[in-house]
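Undergrad: Below you'll find the structure I mean.
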Amino acid sequence: MRFRHVVTSPLVLSLVTSSFGYDLVREYSGPSFFDGWDFFGSWDNLTLSSVWWLNQSEATAENLAYVNGAGQAIIRVDNTTNLPAGEDRNTVRITTKDFYDFGSIWVFDATHLPYGCSVWPAFWSKGPLWPDDGEIDIVEGINLQSSNQMALHTTSGCFTSNRIEQTGTLGFTNCSAGSGCTVHETKPNSFGQNFANAGGGVWATQFDVSGIYMWFWSRPDVPASLALNNKGSIDISSWGLPSASYPAITDDCSNFTAYFTPQQIVIDIALCGNWAGVPSIYQSSCPGLCSVSGPGSPAYDNAYFEINYVRAYTTGGPASTTTVSTATRTGSAATTNTLPATITTGAGLNGGTGAAASAFSPTAGATATLTALALAFLGLLLL
């Protein structure tokens with residue numbers, strides 16, 4: 001039996017006690033929640049699921065994307081149609097008009113996540129050229145799964161390690177493999193019915209040159225700085241170990257700028273497809289074979305997001321730029337013509353009509369966040 005011993009040093013202690021402030025630069029919430037997003041408006045060529053992701057006018061007309069009376073954004077699967085066999089069921093995928101560079105933190109506050117047999121929701125991020133520019137899966141699960149799964153997806157050469165300190169459980173370690181390098185949440189109430197029964201929760205993701213880190217808090221444990229009515233700066237030094245840690249100080253994946261570009265945030269709901277619909281996986285919690293046909297209710301009554309807010313923070317604050325990324329789209333493929341270091345949105349990305357928006361300073365990512373680096377460093381100083 002091998003015992004691990006953590007070695008501390010003045011350097012480590014000084015890093016741990018350092019703090020770094022992040023300023024709020026974008027919030028998606030309330031009646032204007034959907035103003036900052038593009039609707040996909042096409043079939044699912046990503047996971048080959050049995051859905052049609054509607055455009056904004058269709059999703060609004062079918063009541064699949066709206067803001068409820070409490071000011072929460074609702075994104076849901078069609079649960080009113082008795083669907084004939086062989087047809088795809090309507091649902092929604094949205095992507096932020098903004099890209100977020102290194103040196104940013106994204107916070108997702110929800111009170112309900114989609115769940116049920118065949119249901120595959122995700123809150124994730126991607127670069128302009130998927131999958132080459134990296135993917136970060138922050139919230140993802142299938143069918144009647146009870147806990148969240150986090151992952152990174154990269155081009156070949158990036159691996160994670162079981163030497164990393166995190167509260168989650170390490171799964172696959174090859175970030176370029178089909179499943180990516182995965183971490184399974186161990187904190188309670190991170191997915192499914194239990195997440196809703198607990199009043200939901202909050203995720204925070206740090207996207208930094210020092211690494212990528214994800215935290216989860218069930219509703220009773222959410223830090224005061226992330227409360228719905230608190231829109232001030234945040235200090236992550238009190239957050240403790242992340243659920244998932246991907247530090248850029250391992251030999252296998254030491255330069256995240258080689259694997260990730262600035263990211264867009266994506267929220268979607270797929271059905272069946274090449275994870276939730278695989279017979280051996282589907283039948284581990286649901287009967288028969290995965291199908292979206294038949295009555296929509298009660299099968300999809302719980303297949304909805306109920307979102308308080310999505311926020312983006314940065315160490316550098318928003319910076320204006322005159323360079324705009326432009327794109328054209330055929331079907332669901334976007335081609336980016338201009339991709340400056342400081343990025344704004346462009347017309348037509350992911351099927352939307354995105355107007356130019358404020359960009360985020362590329363210098364924010366140049367300073368590695370000391371607290372996150374310390375957490376990763378502590379995990380690697382093992383005997």
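Here, A, B, ... name the chains of the structure tokens in the order displayed, residue numbers run from 1 inside each chain, and ligands are numbered from 1 in the same displayed order.
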Show which residues sit within 12 Å of Ser291 of chain A, as a list in words. Count only C-alpha atoms, and ignore same-chain residues fewer than 6 positions away.

TA: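 Here the answer would be Ser49, Ser50, Val51, Leu83, Pro84, Ala85, Gly86, Glu87, Asp88, Arg89, Gly116, Cys117, Ser118, Val119, Asn143, Leu271, Cys272, Gly273, Ala276, Gly277, Val278, Pro279, Tyr282, Ala299 and Tyr300 of chain A.
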
Undergrad: Would you give me, as JSON lines, each residue of segment 245-314 of chain A having an atom within 10 Å of an atom of segment 185-198 of chain A, along with its shortest atom pair and that distance in Å to one decimal, using only C-alpha atoms and sorting by chain and residue number?

TA:
```
{"residue": "A:Asn302", "atom": "CA", "partner": "A:Gln193", "partner_atom": "CA", "distance": 8.7}
{"residue": "A:Ala303", "atom": "CA", "partner": "A:Gly192", "partner_atom": "CA", "distance": 9.9}
{"residue": "A:Glu306", "atom": "CA", "partner": "A:Ala196", "partner_atom": "CA", "distance": 9.6}
```

Undergrad: Which residues of segment 84-182 of chain A have any atom within 8 Å of an atom in segment 231-245 of chain A when counting only C-alpha atoms, and what is the closest pair of atoms for each, with the distance in Å to one decimal? Order the rows by chain and rising number and write it as JSON lines.

TA:
```
{"residue": "A:Met150", "atom": "CA", "partner": "A:Ala244", "partner_atom": "CA", "distance": 7.1}
{"residue": "A:Ile164", "atom": "CA", "partner": "A:Ser245", "partner_atom": "CA", "distance": 6.8}
{"residue": "A:Glu165", "atom": "CA", "partner": "A:Ser245", "partner_atom": "CA", "distance": 7.1}
{"residue": "A:Gln166", "atom": "CA", "partner": "A:Ser243", "partner_atom": "CA", "distance": 5.4}
{"residue": "A:Thr167", "atom": "CA", "partner": "A:Ser243", "partner_atom": "CA", "distance": 4.7}
{"residue": "A:Gly168", "atom": "CA", "partner": "A:Ser243", "partner_atom": "CA", "distance": 4.7}
```

Undergrad: Next, the residues of the selection above should be written as an mmCIF file, in the first residue's frame with N, CA and C atoms.

TA:
```cif
data_model
loop_
_atom_site.group_PDB
_atom_site.id
_atom_site.type_symbol
_atom_site.label_atom_id
_atom_site.label_comp_id
_atom_site.auth_asym_id
_atom_site.auth_seq_id
_atom_site.Cartn_x
_atom_site.Cartn_y
_atom_site.Cartn_z
ATOM 1 N N MET A 150 -17.986 16.035 -15.608
ATOM 2 C CA MET A 150 -17.228 17.122 -16.217
ATOM 3 C C MET A 150 -16.154 16.533 -17.110
ATOM 4 N N ILE A 164 -3.603 14.726 -9.424
ATOM 5 C CA ILE A 164 -4.245 16.031 -9.228
ATOM 6 C C ILE A 164 -5.147 16.004 -8.004
ATOM 7 N N GLU A 165 -5.119 17.071 -7.213
ATOM 8 C CA GLU A 165 -6.020 17.205 -6.066
ATOM 9 C C GLU A 165 -7.332 17.836 -6.518
ATOM 10 N N GLN A 166 -8.421 17.126 -6.303
ATOM 11 C CA GLN A 166 -9.764 17.606 -6.628
ATOM 12 C C GLN A 166 -10.742 16.799 -5.798
ATOM 13 N N THR A 167 -11.963 17.304 -5.653
ATOM 14 C CA THR A 167 -12.938 16.564 -4.857
ATOM 15 C C THR A 167 -13.676 15.526 -5.680
ATOM 16 N N GLY A 168 -13.681 15.673 -7.012
ATOM 17 C CA GLY A 168 -14.324 14.702 -7.872
ATOM 18 C C GLY A 168 -13.468 13.469 -8.084
#
```

Undergrad: Each residue of segment 206-298 of chain A lying at most 8 Å from segment 36-48 of chain A should get a row with its shortest atom-to-atom pair and the distance in Å to one decimal, counting only C-alpha atoms; could you produce that, ordered by chain and increasing number, as JSON lines?

TA:
```
{"residue": "A:Ala270", "atom": "CA", "partner": "A:Thr47", "partner_atom": "CA", "distance": 7.7}
{"residue": "A:Gly273", "atom": "CA", "partner": "A:Leu48", "partner_atom": "CA", "distance": 5.0}
{"residue": "A:Asn274", "atom": "CA", "partner": "A:Thr47", "partner_atom": "CA", "distance": 5.7}
{"residue": "A:Trp275", "atom": "CA", "partner": "A:Thr47", "partner_atom": "CA", "distance": 7.7}
```

Undergrad: What's the 9 Å shell around Asn63 of chain A, counting only C-alpha atoms, without same-chain residues fewer than 3 positions away, as a PyMOL selection string?

TA: chain A and resi 58-60+66+74-76+78

Undergrad: Go ahead and save the picked residues with N, CA and C atoms, as a PDB file, in the first residue's frame.

TA:
```pdb
ATOM      1  N   GLU A  58     -39.010  30.052 -33.782  1.00  0.00           N
ATOM      2  CA  GLU A  58     -39.728  28.791 -33.593  1.00  0.00           C
ATOM      3  C   GLU A  58     -39.758  28.382 -32.131  1.00  0.00           C
ATOM      4  N   ALA A  59     -38.612  28.495 -31.457  1.00  0.00           N
ATOM      5  CA  ALA A  59     -38.542  28.107 -30.048  1.00  0.00           C
ATOM      6  C   ALA A  59     -39.452  28.975 -29.190  1.00  0.00           C
ATOM      7  N   THR A  60     -39.529  30.264 -29.528  1.00  0.00           N
ATOM      8  CA  THR A  60     -40.410  31.169 -28.787  1.00  0.00           C
ATOM      9  C   THR A  60     -41.872  30.823 -29.041  1.00  0.00           C
ATOM     10  N   TYR A  66     -38.173  30.675 -23.054  1.00  0.00           N
ATOM     11  CA  TYR A  66     -38.881  31.857 -22.570  1.00  0.00           C
ATOM     12  C   TYR A  66     -38.400  32.191 -21.171  1.00  0.00           C
ATOM     13  N   ILE A  74     -36.202  29.583 -19.157  1.00  0.00           N
ATOM     14  CA  ILE A  74     -36.628  28.202 -19.346  1.00  0.00           C
ATOM     15  C   ILE A  74     -36.213  27.748 -20.744  1.00  0.00           C
ATOM     16  N   ILE A  75     -35.529  26.629 -20.807  1.00  0.00           N
ATOM     17  CA  ILE A  75     -35.158  25.992 -22.072  1.00  0.00           C
ATOM     18  C   ILE A  75     -35.615  24.545 -21.956  1.00  0.00           C
ATOM     19  N   ARG A  76     -36.483  24.105 -22.870  1.00  0.00           N
ATOM     20  CA  ARG A  76     -37.087  22.800 -22.643  1.00  0.00           C
ATOM     21  C   ARG A  76     -37.274  22.006 -23.922  1.00  0.00           C
ATOM     22  N   ASP A  78     -39.850  19.752 -26.281  1.00  0.00           N
ATOM     23  CA  ASP A  78     -41.281  19.670 -26.595  1.00  0.00           C
ATOM     24  C   ASP A  78     -41.904  18.466 -25.882  1.00  0.00           C
TER      25      ASP A  78
END
```

Undergrad: Mind giving me the straight-line distance from atom CA of His153 of chain A to atom CA of Cys175 of chain A in Å, one decimal?

TA: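 Atom-to-atom, atom CA of His153 of chain A and atom CA of Cys175 of chain A are spaced 5.0 Å apart.
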
Undergrad: Where in segment 37-124 of chain A does DSSP assign strand (DSSP E), given as a PyMOL selection string?

TA: chain A and resi 37-39+42-43+51-53+65-67+73-76+89-91+93-96+104-112+119-124

Undergrad: Based on the selection just made, write N, CA and C atoms of those residues as a CSV table (one decimal), in the first residue's frame.

TA:
```csv
chain,number,residue,atom,x,y,z
A,37,TRP,N,-27.6,35.5,-27.0
A,37,TRP,CA,-27.4,34.1,-27.5
A,37,TRP,C,-27.9,34.0,-28.9
A,38,ASP,N,-27.2,33.1,-29.7
A,38,ASP,CA,-27.7,32.6,-31.0
A,38,ASP,C,-28.4,31.3,-30.8
A,39,PHE,N,-29.5,31.1,-31.5
A,39,PHE,CA,-30.2,29.8,-31.5
A,39,PHE,C,-29.7,29.0,-32.7
A,42,SER,N,-31.1,24.0,-36.4
A,42,SER,CA,-30.7,22.9,-37.3
A,42,SER,C,-30.8,21.5,-36.6
A,43,TRP,N,-30.4,20.5,-37.3
A,43,TRP,CA,-30.4,19.1,-36.7
A,43,TRP,C,-29.1,19.0,-35.9
A,51,VAL,N,-33.1,15.0,-32.3
A,51,VAL,CA,-33.7,16.3,-32.0
A,51,VAL,C,-33.5,17.2,-33.2
A,52,TRP,N,-34.4,18.2,-33.2
A,52,TRP,CA,-34.2,19.3,-34.1
A,52,TRP,C,-34.1,20.6,-33.2
A,53,TRP,N,-32.9,21.2,-33.2
A,53,TRP,CA,-32.8,22.4,-32.4
A,53,TRP,C,-33.4,23.6,-33.1
A,65,ALA,N,-38.5,28.2,-25.3
A,65,ALA,CA,-37.4,29.1,-24.8
A,65,ALA,C,-38.2,30.4,-24.4
A,66,TYR,N,-38.2,30.7,-23.1
A,66,TYR,CA,-38.9,31.9,-22.6
A,66,TYR,C,-38.4,32.2,-21.2
A,67,VAL,N,-38.8,33.3,-20.7
A,67,VAL,CA,-38.5,33.7,-19.3
A,67,VAL,C,-39.8,33.7,-18.5
A,73,ALA,N,-34.9,31.9,-16.9
A,73,ALA,CA,-34.9,31.4,-18.2
A,73,ALA,C,-35.3,29.9,-18.3
A,74,ILE,N,-36.2,29.6,-19.2
A,74,ILE,CA,-36.6,28.2,-19.3
A,74,ILE,C,-36.2,27.7,-20.7
A,75,ILE,N,-35.5,26.6,-20.8
A,75,ILE,CA,-35.2,26.0,-22.1
A,75,ILE,C,-35.6,24.5,-22.0
A,76,ARG,N,-36.5,24.1,-22.9
A,76,ARG,CA,-37.1,22.8,-22.6
A,76,ARG,C,-37.3,22.0,-23.9
A,89,ARG,N,-37.6,15.1,-32.3
A,89,ARG,CA,-38.4,15.9,-31.4
A,89,ARG,C,-37.7,17.3,-31.2
A,90,ASN,N,-38.5,18.3,-31.2
A,90,ASN,CA,-38.0,19.7,-31.1
A,90,ASN,C,-37.4,20.0,-29.7
A,91,THR,N,-36.3,20.7,-29.7
A,91,THR,CA,-35.7,21.2,-28.5
A,91,THR,C,-34.8,22.4,-28.9
A,93,ARG,N,-30.9,24.6,-28.7
A,93,ARG,CA,-29.5,24.8,-28.4
A,93,ARG,C,-29.1,26.2,-28.6
A,94,ILE,N,-28.5,26.9,-27.6
A,94,ILE,CA,-28.2,28.3,-27.7
A,94,ILE,C,-26.7,28.4,-27.4
A,95,THR,N,-26.1,29.4,-28.1
A,95,THR,CA,-24.6,29.7,-28.0
A,95,THR,C,-24.4,31.2,-27.8
A,96,THR,N,-23.5,31.6,-26.8
A,96,THR,CA,-23.3,33.0,-26.6
A,96,THR,C,-22.7,33.7,-27.8
A,104,SER,N,-10.8,34.3,-17.5
A,104,SER,CA,-12.2,34.5,-17.2
A,104,SER,C,-12.8,33.4,-16.3
A,105,ILE,N,-13.9,33.7,-15.7
A,105,ILE,CA,-14.7,32.7,-14.9
A,105,ILE,C,-16.1,32.8,-15.3
A,106,TRP,N,-16.7,31.7,-15.5
A,106,TRP,CA,-18.1,31.6,-15.9
A,106,TRP,C,-18.9,30.9,-14.8
A,107,VAL,N,-20.0,31.5,-14.5
A,107,VAL,CA,-20.8,31.0,-13.4
A,107,VAL,C,-22.2,30.7,-13.9
A,108,PHE,N,-22.7,29.5,-13.5
A,108,PHE,CA,-24.0,29.0,-14.0
A,108,PHE,C,-24.9,28.7,-12.8
A,109,ASP,N,-26.0,29.4,-12.6
A,109,ASP,CA,-26.9,29.2,-11.5
A,109,ASP,C,-28.3,28.7,-12.0
A,110,ALA,N,-28.6,27.5,-11.6
A,110,ALA,CA,-29.9,26.9,-12.1
A,110,ALA,C,-30.6,26.2,-10.9
A,111,THR,N,-31.9,26.2,-11.1
A,111,THR,CA,-32.8,25.5,-10.1
A,111,THR,C,-33.3,24.2,-10.6
A,112,HIS,N,-33.2,23.9,-11.9
A,112,HIS,CA,-33.7,22.7,-12.4
A,112,HIS,C,-32.8,22.4,-13.7
A,119,VAL,N,-32.9,11.7,-22.1
A,119,VAL,CA,-32.6,13.1,-22.0
A,119,VAL,C,-31.1,13.3,-21.8
A,120,TRP,N,-30.5,14.3,-22.5
A,120,TRP,CA,-29.0,14.5,-22.5
A,120,TRP,C,-28.8,16.0,-22.5
A,121,PRO,N,-28.8,16.7,-21.4
A,121,PRO,CA,-28.5,18.1,-21.3
A,121,PRO,C,-27.1,18.4,-21.1
A,122,ALA,N,-26.7,19.6,-21.5
A,122,ALA,CA,-25.3,20.0,-21.3
A,122,ALA,C,-25.2,21.6,-21.2
A,123,PHE,N,-24.3,22.0,-20.3
A,123,PHE,CA,-23.8,23.4,-20.2
A,123,PHE,C,-22.3,23.3,-20.5
A,124,TRP,N,-21.8,23.8,-21.6
A,124,TRP,CA,-20.5,23.6,-22.0
A,124,TRP,C,-19.9,24.7,-22.8
```

Undergrad: How many Å separate atom CA of Asn82 of chain A from atom CA of Ile269 of chain A?

TA: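 Computed distance, atom CA of Asn82 of chain A to atom CA of Ile269 of chain A, equals 18.7 Å.
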
Undergrad: May I ask for the distance between atom CA of Leu152 of chain A and atom CA of Ala177 of chain A, given in Å to one decimal place?

TA: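 Between these atoms lies a distance of 9.9 Å.
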
Undergrad: Of the candidates A:Asp208, A:Cys253, A:Gly201, A:Ala312, which shows the shortest atom-to-atom distance to Pro220 of chain A, using only C-alpha atoms?

TA: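 The shortest atom-to-atom distance to Pro220 of chain A comes from A:Gly201.
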
Undergrad: For Phe99 of chain A, please output as a list in words all residues within 6 Å (counting only C-alpha atoms; exclusion window: fewer than 5 positions along the same chain).

TA: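 Residues near the query, excluding close chain neighbours: Pro262, Gln263 and Gln264 of chain A.
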
Undergrad: Using DSSP on the backbone coordinates, identify the residues of segment 39-91 of chain A assigned to helix (DSSP H, G or I); present them as a ChimeraX atom specification.

TA: /A:56-61
